[in-house]
Every structure is written in structure tokens, then in C-alpha cells.
file final.tsv (TSV, C-alpha atoms)
chain	number	residue	atom	x	y	z
A	1392	MET	CA	-44.02	34.79	-1.46
A	1393	SER	CA	-41.79	36.03	-4.23
A	1394	GLY	CA	-42.81	38.39	-6.98
A	1395	HIS	CA	-44.60	41.05	-4.90
A	1396	SER	CA	-42.67	43.92	-6.45
A	1397	LYS	CA	-43.06	42.58	-9.97
A	1398	TRP	CA	-46.77	42.16	-9.39
A	1399	ALA	CA	-47.07	45.72	-8.09
A	1400	ASN	CA	-45.27	46.97	-11.18
A	1401	ILE	CA	-47.73	45.03	-13.35
A	1402	LYS	CA	-50.60	46.69	-11.52
A	1403	HIS	CA	-49.06	50.13	-11.88
A	1404	LYS	CA	-48.55	49.62	-15.62
A	1405	LYS	CA	-52.18	48.68	-15.93
A	1406	GLY	CA	-53.06	51.97	-14.29
A	1407	LYS	CA	-51.75	53.99	-17.22
A	1408	ALA	CA	-54.54	52.64	-19.41
A	1409	ASP	CA	-57.07	53.63	-16.76
A	1410	ALA	CA	-56.05	57.28	-16.97
A	1411	ALA	CA	-59.54	58.30	-18.07
A	1412	ARG	CA	-61.08	59.17	-14.73
A	1413	GLY	CA	-64.65	58.66	-15.94
A	1414	LYS	CA	-63.88	55.07	-16.88
A	1415	ILE	CA	-62.38	54.38	-13.46
A	1416	PHE	CA	-65.46	55.80	-11.77
A	1417	THR	CA	-67.78	53.71	-13.97
A	1418	LYS	CA	-66.00	50.52	-12.92
A	1419	LEU	CA	-65.81	51.50	-9.26
A	1420	GLY	CA	-69.50	52.44	-9.35
A	1421	LYS	CA	-70.38	48.91	-10.47
A	1422	GLU	CA	-68.22	47.42	-7.73
A	1423	ILE	CA	-69.87	49.61	-5.09
A	1424	SER	CA	-73.36	48.73	-6.36
A	1425	ILE	CA	-72.62	45.01	-6.19
A	1426	ALA	CA	-71.23	45.34	-2.64
A	1427	ALA	CA	-74.22	47.45	-1.54
A	1428	LYS	CA	-76.63	44.64	-2.45
A	1429	ALA	CA	-75.59	42.99	0.81
A	1430	GLY	CA	-76.42	46.16	2.77
A	1431	ALA	CA	-76.06	49.90	2.25
A	1432	ASP	CA	-74.39	50.60	5.61
A	1433	PRO	CA	-70.58	50.36	5.35
A	1434	ASP	CA	-70.31	50.00	9.14
A	1435	SER	CA	-71.99	46.60	8.93
A	1436	ASN	CA	-70.88	45.67	5.38
A	1437	GLY	CA	-67.12	45.19	5.32
A	1438	LYS	CA	-66.94	44.59	1.56
A	1439	LEU	CA	-68.75	47.87	0.90
A	1440	ARG	CA	-66.49	49.68	3.37
A	1441	ASP	CA	-63.39	48.39	1.54
A	1442	VAL	CA	-64.69	49.35	-1.91
A	1443	ILE	CA	-65.62	52.84	-0.70
A	1444	ALA	CA	-62.06	53.24	0.65
A	1445	LYS	CA	-60.71	52.11	-2.73
A	1446	ALA	CA	-63.00	54.61	-4.51
A	1447	LYS	CA	-61.91	57.46	-2.25
A	1448	SER	CA	-58.26	56.64	-2.90
A	1449	CYS	CA	-59.06	57.26	-6.58
A	1450	ASN	CA	-60.65	60.62	-5.67
A	1451	MET	CA	-64.17	59.47	-6.53
A	1452	PRO	CA	-66.62	62.17	-5.33
A	1453	ASN	CA	-68.86	61.34	-2.36
A	1454	ASP	CA	-72.07	62.03	-4.28
A	1455	THR	CA	-70.98	59.57	-7.01
A	1456	ILE	CA	-70.23	56.97	-4.33
A	1457	ASN	CA	-73.62	57.56	-2.68
A	1458	ARG	CA	-75.46	57.19	-6.00
A	1459	ALA	CA	-73.73	53.87	-6.61
A	1460	ILE	CA	-74.73	52.69	-3.12
A	1461	LYS	CA	-78.35	53.68	-3.78
A	1462	ARG	CA	-78.34	51.84	-7.11
A	1463	GLY	CA	-77.05	48.70	-5.42
A	1464	SER	CA	-79.53	48.89	-2.55
A	1465	GLY	CA	-82.44	49.35	-4.97
A	1466	GLU	CA	-83.24	52.99	-4.15
A	1467	LEU	CA	-82.55	54.05	-7.75
A	1468	GLY	CA	-83.97	51.01	-9.51
A	1469	ASP	CA	-82.77	47.42	-9.66
A	1470	VAL	CA	-79.22	46.65	-10.78
A	1471	ASN	CA	-78.53	43.14	-12.04
A	1472	TYR	CA	-74.83	42.88	-12.69
A	1473	GLU	CA	-73.43	39.37	-12.91
A	1474	GLU	CA	-69.83	38.66	-11.99
A	1475	ILE	CA	-68.13	36.41	-14.55
A	1476	ILE	CA	-64.47	35.41	-14.61
A	1477	TYR	CA	-62.77	34.47	-17.87
A	1478	GLU	CA	-59.38	32.80	-18.18
A	1479	GLY	CA	-56.99	32.29	-21.03
A	1480	TYR	CA	-53.55	32.81	-22.48
A	1481	ALA	CA	-51.94	35.84	-24.06
A	1482	SER	CA	-49.15	35.74	-26.61
A	1483	GLY	CA	-46.02	33.99	-25.34
A	1484	GLY	CA	-47.92	31.65	-23.00
A	1485	VAL	CA	-48.78	34.36	-20.48
A	1486	ALA	CA	-51.67	33.47	-18.16
A	1487	VAL	CA	-54.54	35.97	-18.01
A	1488	ILE	CA	-57.58	36.28	-15.72
A	1489	VAL	CA	-60.33	38.74	-16.68
A	1490	ASN	CA	-62.90	39.74	-14.03
A	1491	THR	CA	-66.12	41.22	-15.43
A	1492	LEU	CA	-69.39	42.67	-14.14
A	1493	THR	CA	-72.08	42.61	-16.79
A	1494	GLU	CA	-75.82	42.71	-17.40
A	1495	ASN	CA	-75.35	40.93	-20.75
A	1496	ARG	CA	-73.41	37.67	-20.47
A	1497	ASN	CA	-73.41	36.94	-24.22
A	1498	ARG	CA	-72.08	40.37	-25.18
A	1499	THR	CA	-69.29	40.23	-22.62
A	1500	ALA	CA	-68.22	36.69	-23.50
A	1501	GLY	CA	-68.05	37.69	-27.17
A	1502	ASP	CA	-66.05	40.83	-26.41
A	1503	VAL	CA	-63.57	39.00	-24.18
A	1504	ARG	CA	-63.05	36.20	-26.72
A	1505	HIS	CA	-62.56	38.77	-29.49
A	1506	ILE	CA	-59.89	40.62	-27.49
A	1507	PHE	CA	-58.00	37.39	-26.78
A	1508	ASP	CA	-58.18	36.29	-30.44
A	1509	LYS	CA	-57.32	39.68	-31.93
A	1510	ASN	CA	-54.08	39.88	-29.95
A	1511	GLY	CA	-52.66	36.41	-30.47
A	1512	GLY	CA	-54.16	34.88	-27.36
A	1513	SER	CA	-56.85	32.30	-26.66
A	1514	MET	CA	-59.70	32.12	-24.17
A	1515	GLY	CA	-59.76	28.86	-22.21
A	1516	ASN	CA	-62.10	27.03	-19.90
A	1517	ALA	CA	-62.80	28.10	-16.33
A	1518	GLY	CA	-59.88	27.11	-14.12
A	1519	CYS	CA	-57.33	26.76	-16.92
A	1520	VAL	CA	-54.97	29.35	-15.41
A	1521	GLY	CA	-56.60	30.25	-12.07
A	1522	TRP	CA	-54.47	27.66	-10.27
A	1523	MET	CA	-51.38	29.73	-11.14
A	1524	PHE	CA	-52.56	32.63	-8.94
A	1525	ASP	CA	-53.21	33.12	-5.23
A	1526	LYS	CA	-56.11	35.26	-4.05
A	1527	LYS	CA	-54.68	37.68	-1.48
A	1528	GLY	CA	-55.26	41.06	0.07
A	1529	LEU	CA	-52.55	43.48	-1.08
A	1530	ILE	CA	-51.89	46.83	0.58
A	1531	ILE	CA	-49.24	49.13	-0.91
A	1532	VAL	CA	-47.69	51.94	1.13
A	1533	GLU	CA	-45.40	54.40	-0.60
A	1534	ARG	CA	-41.89	54.73	0.84
A	1535	SER	CA	-41.23	58.06	2.53
A	1536	ASP	CA	-38.94	59.52	5.19
A	1537	SER	CA	-41.89	59.84	7.56
A	1538	ILE	CA	-42.53	56.08	7.62
A	1539	ASP	CA	-40.37	53.82	9.75
A	1540	GLU	CA	-40.08	50.41	8.07
A	1541	GLU	CA	-39.75	48.41	11.30
A	1542	GLU	CA	-42.70	50.18	12.90
A	1543	LEU	CA	-44.89	49.72	9.82
A	1544	MET	CA	-44.01	46.03	9.66
A	1545	MET	CA	-44.97	45.54	13.31
A	1546	LYS	CA	-48.26	47.40	12.82
A	1547	ALA	CA	-49.10	45.26	9.77
A	1548	LEU	CA	-48.28	41.94	11.43
A	1549	GLU	CA	-50.07	42.87	14.65
A	1550	ALA	CA	-53.14	43.80	12.57
A	1551	GLY	CA	-53.14	40.28	11.12
A	1552	ALA	CA	-51.09	40.53	7.91
A	1553	GLU	CA	-49.45	37.36	6.55
A	1554	ASP	CA	-46.39	38.94	5.01
A	1555	PHE	CA	-44.53	42.24	4.68
A	1556	SER	CA	-41.91	43.21	2.12
A	1557	ALA	CA	-39.86	46.36	1.53
A	1558	GLU	CA	-39.45	47.17	-2.14
A	1559	GLU	CA	-37.53	49.90	-3.94
A	1560	ASP	CA	-40.29	52.52	-3.79
A	1561	SER	CA	-42.97	50.93	-1.60
A	1562	TYR	CA	-43.88	48.61	1.25
A	1563	GLU	CA	-46.20	45.73	0.38
A	1564	ILE	CA	-48.46	44.05	2.90
A	1565	ILE	CA	-50.06	40.69	2.08
A	1566	THR	CA	-53.12	39.36	3.89
A	1567	ASP	CA	-55.44	36.42	3.74
A	1568	PRO	CA	-58.56	37.56	1.84
A	1569	ALA	CA	-60.74	36.94	4.92
A	1570	ALA	CA	-58.49	39.17	7.07
A	1571	PHE	CA	-58.01	41.94	4.49
A	1572	SER	CA	-60.83	44.20	5.68
A	1573	ASP	CA	-59.72	44.07	9.33
A	1574	VAL	CA	-56.08	44.69	8.46
A	1575	ARG	CA	-56.90	47.61	6.15
A	1576	LEU	CA	-59.21	49.16	8.74
A	1577	GLN	CA	-56.63	48.82	11.53
A	1578	LEU	CA	-53.89	50.42	9.41
A	1579	GLU	CA	-56.30	53.20	8.48
A	1580	LYS	CA	-56.97	53.83	12.18
A	1581	GLU	CA	-53.20	53.89	12.78
A	1582	GLY	CA	-52.92	56.66	10.18
A	1583	VAL	CA	-50.96	54.59	7.65
A	1584	PRO	CA	-51.24	56.24	4.18
A	1585	MET	CA	-52.13	53.57	1.62
A	1586	VAL	CA	-51.51	53.99	-2.11
A	1587	SER	CA	-53.82	51.08	-2.84
A	1588	ALA	CA	-55.63	48.36	-0.91
A	1589	GLU	CA	-57.63	45.55	-2.51
A	1590	VAL	CA	-58.18	41.82	-2.70
A	1591	THR	CA	-56.41	40.66	-5.83
A	1592	MET	CA	-54.83	37.73	-7.67
A	1593	ILE	CA	-51.06	37.40	-7.27
A	1594	PRO	CA	-49.21	35.14	-9.73
A	1595	GLN	CA	-47.17	32.34	-8.21
A	1596	ASN	CA	-44.58	32.59	-10.97
A	1597	ILE	CA	-43.65	35.37	-13.37
A	1598	VAL	CA	-43.13	34.91	-17.12
A	1599	SER	CA	-40.44	37.25	-18.44
A	1600	VAL	CA	-41.52	38.48	-21.88
A	1601	THR	CA	-38.42	39.24	-23.96
A	1602	ASP	CA	-39.89	39.05	-27.46
A	1603	ALA	CA	-40.83	42.57	-28.61
A	1604	GLU	CA	-43.74	41.36	-30.74
A	1605	ASP	CA	-45.23	39.32	-27.89
A	1606	ALA	CA	-44.89	42.32	-25.56
A	1607	LYS	CA	-46.63	44.56	-28.08
A	1608	LYS	CA	-49.55	42.12	-28.43
A	1609	ILE	CA	-49.89	41.70	-24.66
A	1610	ASN	CA	-49.89	45.45	-24.03
A	1611	LYS	CA	-52.49	45.95	-26.77
A	1612	MET	CA	-54.63	43.18	-25.23
A	1613	LEU	CA	-54.43	44.77	-21.77
A	1614	ASP	CA	-55.35	48.19	-23.17
A	1615	MET	CA	-58.38	46.72	-24.96
A	1616	PHE	CA	-59.54	44.96	-21.79
A	1617	ASP	CA	-59.14	48.17	-19.80
A	1618	ASP	CA	-61.19	50.07	-22.39
A	1619	ASN	CA	-64.09	47.61	-22.09
A	1620	ASP	CA	-66.70	48.86	-19.60
A	1621	ASP	CA	-67.65	45.31	-18.57
A	1622	VAL	CA	-64.09	44.44	-17.53
A	1623	GLN	CA	-63.33	45.27	-13.90
A	1624	ASP	CA	-59.84	43.84	-13.42
A	1625	VAL	CA	-57.24	41.98	-15.45
A	1626	TYR	CA	-54.51	39.88	-13.84
A	1627	HIS	CA	-51.58	38.25	-15.62
A	1628	ASN	CA	-48.18	36.77	-14.83
A	1629	ALA	CA	-46.07	38.64	-17.41
A	1630	GLU	CA	-43.08	40.77	-16.64
A	1631	LEU	CA	-43.17	43.19	-19.56
A	1632	PRO	CA	-40.36	45.43	-20.77
A	1633	ASP	CA	-40.89	49.14	-20.27
A	1634	GLU	CA	-42.69	50.73	-23.16
A	1635	GLU	CA	-40.78	53.45	-24.94

call {"tool": "encode", "arguments": {"input": "final.tsv", "output": "C-alpha cells"}}
result
Amino acid sequence: MSGHSKWANIKHKKGKADAARGKIFTKLGKEISIAAKAGADPDSNGKLRDVIAKAKSCNMPNDTINRAIKRGSGELGDVNYEEIIYEGYASGGVAVIVNTLTENRNRTAGDVRHIFDKNGGSMGNAGCVGWMFDKKGLIIVERSDSIDEEELMMKALEAGAEDFSAEEDSYEIITDPAAFSDVRLQLEKEGVPMVSAEVTMIPQNIVSVTDAEDAKKINKMLDMFDDNDDVQDVYHNAELPDEE
């Protein structure tokens, strides 16, 4: 699968707009609560175990994690978040997928449509761009002198990973979504330090955005999505120029 490194760069660029720690914790809290609906014990709930690991990698405090688990399991009142996925196009024909968790479908749909429209994009029907992406587990390990590439690759493949690639500043491990939890857990047991680990949407092809105005609109759109509390994740297939 080509484009791993470009996708990772996309994800890292997105992270700059998530710099407000409180906003990150709000979104992770929702994700934990949704996962905890299927059971509050991470030992028997793999999805919850994975989300907790993701939260801890973002330095989310244990008491905040525990509160989110209690909200999801009903101990702190009922939580009724609905997961809704929106699809559309950004300026320059870039495909965009917006994952949301909301308790107000109408508000969220209106907000998402407004953000597309305001930035030269258009919201489409379900499935209009989803076929351009593959759902995969993605684990990123930062390059360092203490990590042997060959050894890491063998550990990843033996744990059940589909693919392994060495990039300029990281190693990227791809898994089938169904195998992600087992692979992540095995690498964790092996002491492999992971920068990030999550099930995500990887674009099959990358659109190189060379027009400065298109790039400006796309970046503004991504920032607005990140600022919206109902939006959990945004995936796109743009390769954007570095912002000055």
C-alpha cells in the first residue's frame, strides 16, 4: 500500500489544530463512553482497551478516563451519542470523510454542511467518497537508535500485521481492523513505544494540492472541523503544502 508516509503527515498536520488539550480530552471522553457501553472492563472489551491506550498516549488523566467509562456504562447517567459519518469534497476535488459523535443529529448535520459550504466544498451522499479509502489499523513508531528496524518488522508481522514500512522519521505498521487490537496489545507487551495506534481511514490515492487558494480553503475547513466538538476525526486524501 503506497501513501503511508503521506497519510501520516496528513494526520500529524491535523494534530496542530488539536493543540488545545481540553478539546482532545472532550473527544476522547466521548469515544471512551461509546466503547464502554459494550462493557466497562477493558480486559474483556478490546475496543475500550484500545481507546484507553489512545487516551493515555495523549496524557489523558486516569480519573478523566474513569469518569468517561462510568458515563458510558451508565453509572453517571445515560449517554446517548450517535455515530454519524458525513462525506463530501473540499476545494480542488479533495475527498473528505467526517466522523462525528453527537446527541443532536440535526445540529451536527447543519454544522458539517456549513463548514463544507463556507470553505468551497460540498457535502455529498453517504458513500460518495468512502470507496476511495481503506479502513485499516495504523500503528506509528518513532525512529530511534534504540529500535532495530528488522527486529521491529519481525515483531509486527509475527503479531499479525499486514504490512510494515520504514519512513523518514517513523515506522508504520498496517493491520486489518479486526486484528488491530491483538497486534497493538502484543507490541505493547513487547515494549514497543508507539506514537499513535488507532483504526483509521487510509486514502488509496493522494491528491497533490498545488493551488495556494485551494490549500488555504482546505486548511481552514480542517481547522473548523477540528474546532467542532461533535467532530471526532476527519480524513482526506490531500497532500497539502507546508504552511508558512

call {"tool": "closest_residue", "arguments": {"input": "final.tsv", "among": "A:Ile1423, A:Ala1429, A:Ile1538, A:Ala1481", "to": "Ile1456 (chain A)", "atoms": "only C-alpha atoms"}}
result
A:Ile1423

call {"tool": "atom_distance", "arguments": {"input": "final.tsv", "atom1": "CA of Ala1550 (chain A)", "atom2": "CA of Ile1565 (chain A)"}}
result
11.4 Å

call {"tool": "atom_distance", "arguments": {"input": "final.tsv", "atom1": "CA of Gly1463 (chain A)", "atom2": "CA of Lys1428 (chain A)"}}
result
5.0 Å

call {"tool": "atom_distance", "arguments": {"input": "final.tsv", "atom1": "CA of Ser1464 (chain A)", "atom2": "CA of Ile1425 (chain A)"}}
result
8.7 Å

call {"tool": "axis_aligned_box", "arguments": {"input": "final.tsv", "around": "region 1462-1474 of chain A", "padding_each_side": "4 Å", "output": "JSON"}}
result
{"center_x": -76.9, "center_y": 46.4, "center_z": -7.7, "size_x": 22.1, "size_y": 23.4, "size_z": 18.4}

call {"tool": "closest_atom_pairs", "arguments": {"input": "final.tsv", "of": "region 1512-1568 of chain A", "to": "region 1485-1488 of chain A", "cutoff": "12 Å", "atoms": "all atoms listed in the file", "output": "Markdown table"}}
result
| residue | atom | partner | partner_atom | distance |
| --- | --- | --- | --- | --- |
| A:Gly1512 | CA | A:Val1485 | CA | 8.7 |
| A:Ser1513 | CA | A:Val1487 | CA | 9.7 |
| A:Met1514 | CA | A:Val1487 | CA | 8.9 |
| A:Gly1515 | CA | A:Val1487 | CA | 9.8 |
| A:Asn1516 | CA | A:Ile1488 | CA | 11.1 |
| A:Ala1517 | CA | A:Ile1488 | CA | 9.7 |
| A:Gly1518 | CA | A:Ile1488 | CA | 9.6 |
| A:Cys1519 | CA | A:Ala1486 | CA | 8.9 |
| A:Val1520 | CA | A:Ala1486 | CA | 6.0 |
| A:Gly1521 | CA | A:Ile1488 | CA | 7.1 |
| A:Trp1522 | CA | A:Ala1486 | CA | 10.2 |
| A:Met1523 | CA | A:Ala1486 | CA | 8.0 |
| A:Phe1524 | CA | A:Ile1488 | CA | 9.2 |
| A:Asp1525 | CA | A:Ile1488 | CA | 11.8 |
| A:Lys1526 | CA | A:Ile1488 | CA | 11.8 |

call {"tool": "closest_residue", "arguments": {"input": "final.tsv", "among": "A:Asp1567, A:Asp1573, A:Ala1629, A:Glu1579", "to": "Asn1596 (chain A)", "atoms": "only C-alpha atoms"}}
result
A:Ala1629

call {"tool": "closest_residue", "arguments": {"input": "final.tsv", "among": "A:Gly1479, A:Pro1452, A:Gly1484, A:Pro1568", "to": "Phe1507 (chain A)", "atoms": "all atoms listed in the file"}}
result
A:Gly1479

call {"tool": "residues_around", "arguments": {"input": "final.tsv", "residues": "Tyr1562 (chain A)", "least_positions_apart": "2", "cutoff": "6 Å", "atoms": "all atoms listed in the file", "output": "list in words"}}
result
Ile1531, Val1532, Ser1556, Ala1557 and Glu1558 of chain A

call {"tool": "residues_around", "arguments": {"input": "final.tsv", "residues": "Ala1427 (chain A)", "least_positions_apart": "3", "cutoff": "10 Å", "atoms": "all atoms listed in the file", "output": "list in words"}}
result
Lys1421, Glu1422, Ile1423, Ser1424, Gly1430, Ala1431, Asp1432, Pro1433, Asn1436, Lys1438, Leu1439, Arg1440, Val1442, Ala1459, Ile1460, Lys1461, Arg1462, Gly1463, Ser1464 and Gly1465 of chain A

call {"tool": "closest_residue", "arguments": {"input": "final.tsv", "among": "A:Glu1473, A:Lys1608, A:Asn1510, A:Asp1441", "to": "Asn1497 (chain A)", "atoms": "only C-alpha atoms"}}
result
A:Glu1473

call {"tool": "closest_residue", "arguments": {"input": "final.tsv", "among": "A:Lys1607, A:Lys1447, A:Lys1527, A:Arg1496", "to": "Ala1569 (chain A)", "atoms": "all atoms listed in the file"}}
result
A:Lys1527

call {"tool": "closest_residue", "arguments": {"input": "final.tsv", "among": "A:Ala1606, A:Ile1415, A:Leu1529, A:Ala1426", "to": "Glu1589 (chain A)", "atoms": "only C-alpha atoms"}}
result
A:Leu1529

call {"tool": "residues_around", "arguments": {"input": "final.tsv", "residues": "region 1615-1624 of chain A", "least_positions_apart": "2", "cutoff": "7 Å", "atoms": "all atoms listed in the file", "output": "mmCIF file with C-alpha atoms, keeping the file's coordinate frame"}}
result
data_model
loop_
_atom_site.group_PDB
_atom_site.id
_atom_site.type_symbol
_atom_site.label_atom_id
_atom_site.label_comp_id
_atom_site.auth_asym_id
_atom_site.auth_seq_id
_atom_site.Cartn_x
_atom_site.Cartn_y
_atom_site.Cartn_z
ATOM 1 C CA ALA A 1408 -54.540 52.640 -19.410
ATOM 2 C CA ASP A 1409 -57.070 53.630 -16.760
ATOM 3 C CA LYS A 1418 -66.000 50.520 -12.920
ATOM 4 C CA VAL A 1489 -60.330 38.740 -16.680
ATOM 5 C CA ASN A 1490 -62.900 39.740 -14.030
ATOM 6 C CA THR A 1491 -66.120 41.220 -15.430
ATOM 7 C CA LEU A 1492 -69.390 42.670 -14.140
ATOM 8 C CA THR A 1493 -72.080 42.610 -16.790
ATOM 9 C CA THR A 1499 -69.290 40.230 -22.620
ATOM 10 C CA ILE A 1506 -59.890 40.620 -27.490
ATOM 11 C CA LYS A 1611 -52.490 45.950 -26.770
ATOM 12 C CA MET A 1612 -54.630 43.180 -25.230
ATOM 13 C CA LEU A 1613 -54.430 44.770 -21.770
ATOM 14 C CA TYR A 1626 -54.510 39.880 -13.840
#

call {"tool": "build_atoms", "arguments": {"input": "final.tsv", "residues": "region 1533-1543 of chain A", "atoms": "all heavy atoms", "output": "PDB file, keeping the file's coordinate frame"}}
result
ATOM      1  N   GLU A1533     -46.538  53.772   0.054  1.00  0.00           N
ATOM      2  CA  GLU A1533     -45.400  54.400  -0.600  1.00  0.00           C
ATOM      3  C   GLU A1533     -44.287  54.678   0.400  1.00  0.00           C
ATOM      4  O   GLU A1533     -44.530  55.087   1.535  1.00  0.00           O
ATOM      5  CB  GLU A1533     -45.841  55.716  -1.256  1.00  0.00           C
ATOM      6  CG  GLU A1533     -44.787  56.340  -2.157  1.00  0.00           C
ATOM      7  CD  GLU A1533     -45.308  57.538  -2.916  1.00  0.00           C
ATOM      8  OE1 GLU A1533     -46.467  57.939  -2.692  1.00  0.00           O
ATOM      9  OE2 GLU A1533     -44.550  58.087  -3.730  1.00  0.00           O
ATOM     10  N   ARG A1534     -43.043  54.437  -0.014  1.00  0.00           N
ATOM     11  CA  ARG A1534     -41.890  54.730   0.840  1.00  0.00           C
ATOM     12  C   ARG A1534     -41.777  56.240   1.055  1.00  0.00           C
ATOM     13  O   ARG A1534     -41.944  57.012   0.118  1.00  0.00           O
ATOM     14  CB  ARG A1534     -40.604  54.246   0.183  1.00  0.00           C
ATOM     15  CG  ARG A1534     -40.185  52.846   0.555  1.00  0.00           C
ATOM     16  CD  ARG A1534     -38.827  52.552  -0.046  1.00  0.00           C
ATOM     17  NE  ARG A1534     -38.347  51.218   0.273  1.00  0.00           N
ATOM     18  CZ  ARG A1534     -37.630  50.906   1.335  1.00  0.00           C
ATOM     19  NH1 ARG A1534     -37.328  51.839   2.215  1.00  0.00           N
ATOM     20  NH2 ARG A1534     -37.212  49.674   1.547  1.00  0.00           N
ATOM     21  N   SER A1535     -41.497  56.647   2.261  1.00  0.00           N
ATOM     22  CA  SER A1535     -41.230  58.060   2.530  1.00  0.00           C
ATOM     23  C   SER A1535     -40.419  58.166   3.823  1.00  0.00           C
ATOM     24  O   SER A1535     -40.371  57.215   4.620  1.00  0.00           O
ATOM     25  CB  SER A1535     -42.534  58.850   2.679  1.00  0.00           C
ATOM     26  OG  SER A1535     -43.160  58.578   3.909  1.00  0.00           O
ATOM     27  N   ASP A1536     -39.787  59.312   4.006  1.00  0.00           N
ATOM     28  CA  ASP A1536     -38.940  59.520   5.190  1.00  0.00           C
ATOM     29  C   ASP A1536     -39.757  59.499   6.477  1.00  0.00           C
ATOM     30  O   ASP A1536     -39.212  59.246   7.556  1.00  0.00           O
ATOM     31  CB  ASP A1536     -38.199  60.858   5.071  1.00  0.00           C
ATOM     32  CG  ASP A1536     -37.178  60.852   3.942  1.00  0.00           C
ATOM     33  OD1 ASP A1536     -36.762  59.746   3.537  1.00  0.00           O
ATOM     34  OD2 ASP A1536     -36.824  61.942   3.462  1.00  0.00           O
ATOM     35  N   SER A1537     -41.046  59.766   6.358  1.00  0.00           N
ATOM     36  CA  SER A1537     -41.890  59.840   7.560  1.00  0.00           C
ATOM     37  C   SER A1537     -42.372  58.467   8.036  1.00  0.00           C
ATOM     38  O   SER A1537     -43.000  58.358   9.083  1.00  0.00           O
ATOM     39  CB  SER A1537     -43.100  60.736   7.284  1.00  0.00           C
ATOM     40  OG  SER A1537     -43.907  60.180   6.262  1.00  0.00           O
ATOM     41  N   ILE A1538     -42.078  57.424   7.245  1.00  0.00           N
ATOM     42  CA  ILE A1538     -42.530  56.080   7.620  1.00  0.00           C
ATOM     43  C   ILE A1538     -41.347  55.222   8.031  1.00  0.00           C
ATOM     44  O   ILE A1538     -40.392  55.042   7.264  1.00  0.00           O
ATOM     45  CB  ILE A1538     -43.285  55.407   6.443  1.00  0.00           C
ATOM     46  CG1 ILE A1538     -44.575  56.179   6.129  1.00  0.00           C
ATOM     47  CG2 ILE A1538     -43.611  53.951   6.767  1.00  0.00           C
ATOM     48  CD1 ILE A1538     -45.345  55.648   4.939  1.00  0.00           C
ATOM     49  N   ASP A1539     -41.406  54.710   9.241  1.00  0.00           N
ATOM     50  CA  ASP A1539     -40.370  53.820   9.750  1.00  0.00           C
ATOM     51  C   ASP A1539     -40.710  52.392   9.348  1.00  0.00           C
ATOM     52  O   ASP A1539     -41.781  51.878   9.695  1.00  0.00           O
ATOM     53  CB  ASP A1539     -40.282  53.946  11.275  1.00  0.00           C
ATOM     54  CG  ASP A1539     -39.205  53.035  11.846  1.00  0.00           C
ATOM     55  OD1 ASP A1539     -38.052  53.465  11.911  1.00  0.00           O
ATOM     56  OD2 ASP A1539     -39.543  51.882  12.203  1.00  0.00           O
ATOM     57  N   GLU A1540     -39.812  51.752   8.611  1.00  0.00           N
ATOM     58  CA  GLU A1540     -40.080  50.410   8.070  1.00  0.00           C
ATOM     59  C   GLU A1540     -40.386  49.391   9.167  1.00  0.00           C
ATOM     60  O   GLU A1540     -41.356  48.636   9.074  1.00  0.00           O
ATOM     61  CB  GLU A1540     -38.883  49.946   7.241  1.00  0.00           C
ATOM     62  CG  GLU A1540     -39.062  48.547   6.658  1.00  0.00           C
ATOM     63  CD  GLU A1540     -37.844  48.087   5.878  1.00  0.00           C
ATOM     64  OE1 GLU A1540     -37.163  48.945   5.263  1.00  0.00           O
ATOM     65  OE2 GLU A1540     -37.584  46.870   5.878  1.00  0.00           O
ATOM     66  N   GLU A1541     -39.572  49.383  10.210  1.00  0.00           N
ATOM     67  CA  GLU A1541     -39.750  48.410  11.300  1.00  0.00           C
ATOM     68  C   GLU A1541     -41.102  48.614  11.993  1.00  0.00           C
ATOM     69  O   GLU A1541     -41.822  47.655  12.289  1.00  0.00           O
ATOM     70  CB  GLU A1541     -38.608  48.572  12.310  1.00  0.00           C
ATOM     71  CG  GLU A1541     -38.449  47.403  13.267  1.00  0.00           C
ATOM     72  CD  GLU A1541     -37.822  46.182  12.605  1.00  0.00           C
ATOM     73  OE1 GLU A1541     -37.124  46.334  11.593  1.00  0.00           O
ATOM     74  OE2 GLU A1541     -38.063  45.085  13.118  1.00  0.00           O
ATOM     75  N   GLU A1542     -41.439  49.861  12.217  1.00  0.00           N
ATOM     76  CA  GLU A1542     -42.700  50.180  12.900  1.00  0.00           C
ATOM     77  C   GLU A1542     -43.900  49.787  12.028  1.00  0.00           C
ATOM     78  O   GLU A1542     -44.875  49.226  12.530  1.00  0.00           O
ATOM     79  CB  GLU A1542     -42.747  51.683  13.204  1.00  0.00           C
ATOM     80  CG  GLU A1542     -43.957  52.097  14.045  1.00  0.00           C
ATOM     81  CD  GLU A1542     -43.976  53.595  14.329  1.00  0.00           C
ATOM     82  OE1 GLU A1542     -42.940  54.260  14.118  1.00  0.00           O
ATOM     83  OE2 GLU A1542     -45.032  54.085  14.754  1.00  0.00           O
ATOM     84  N   LEU A1543     -43.795  50.076  10.734  1.00  0.00           N
ATOM     85  CA  LEU A1543     -44.890  49.720   9.820  1.00  0.00           C
ATOM     86  C   LEU A1543     -45.063  48.202   9.762  1.00  0.00           C
ATOM     87  O   LEU A1543     -46.190  47.697   9.788  1.00  0.00           O
ATOM     88  CB  LEU A1543     -44.617  50.270   8.419  1.00  0.00           C
ATOM     89  CG  LEU A1543     -45.651  49.909   7.345  1.00  0.00           C
ATOM     90  CD1 LEU A1543     -47.037  50.440   7.707  1.00  0.00           C
ATOM     91  CD2 LEU A1543     -45.227  50.449   5.971  1.00  0.00           C
TER      92      LEU A1543
END
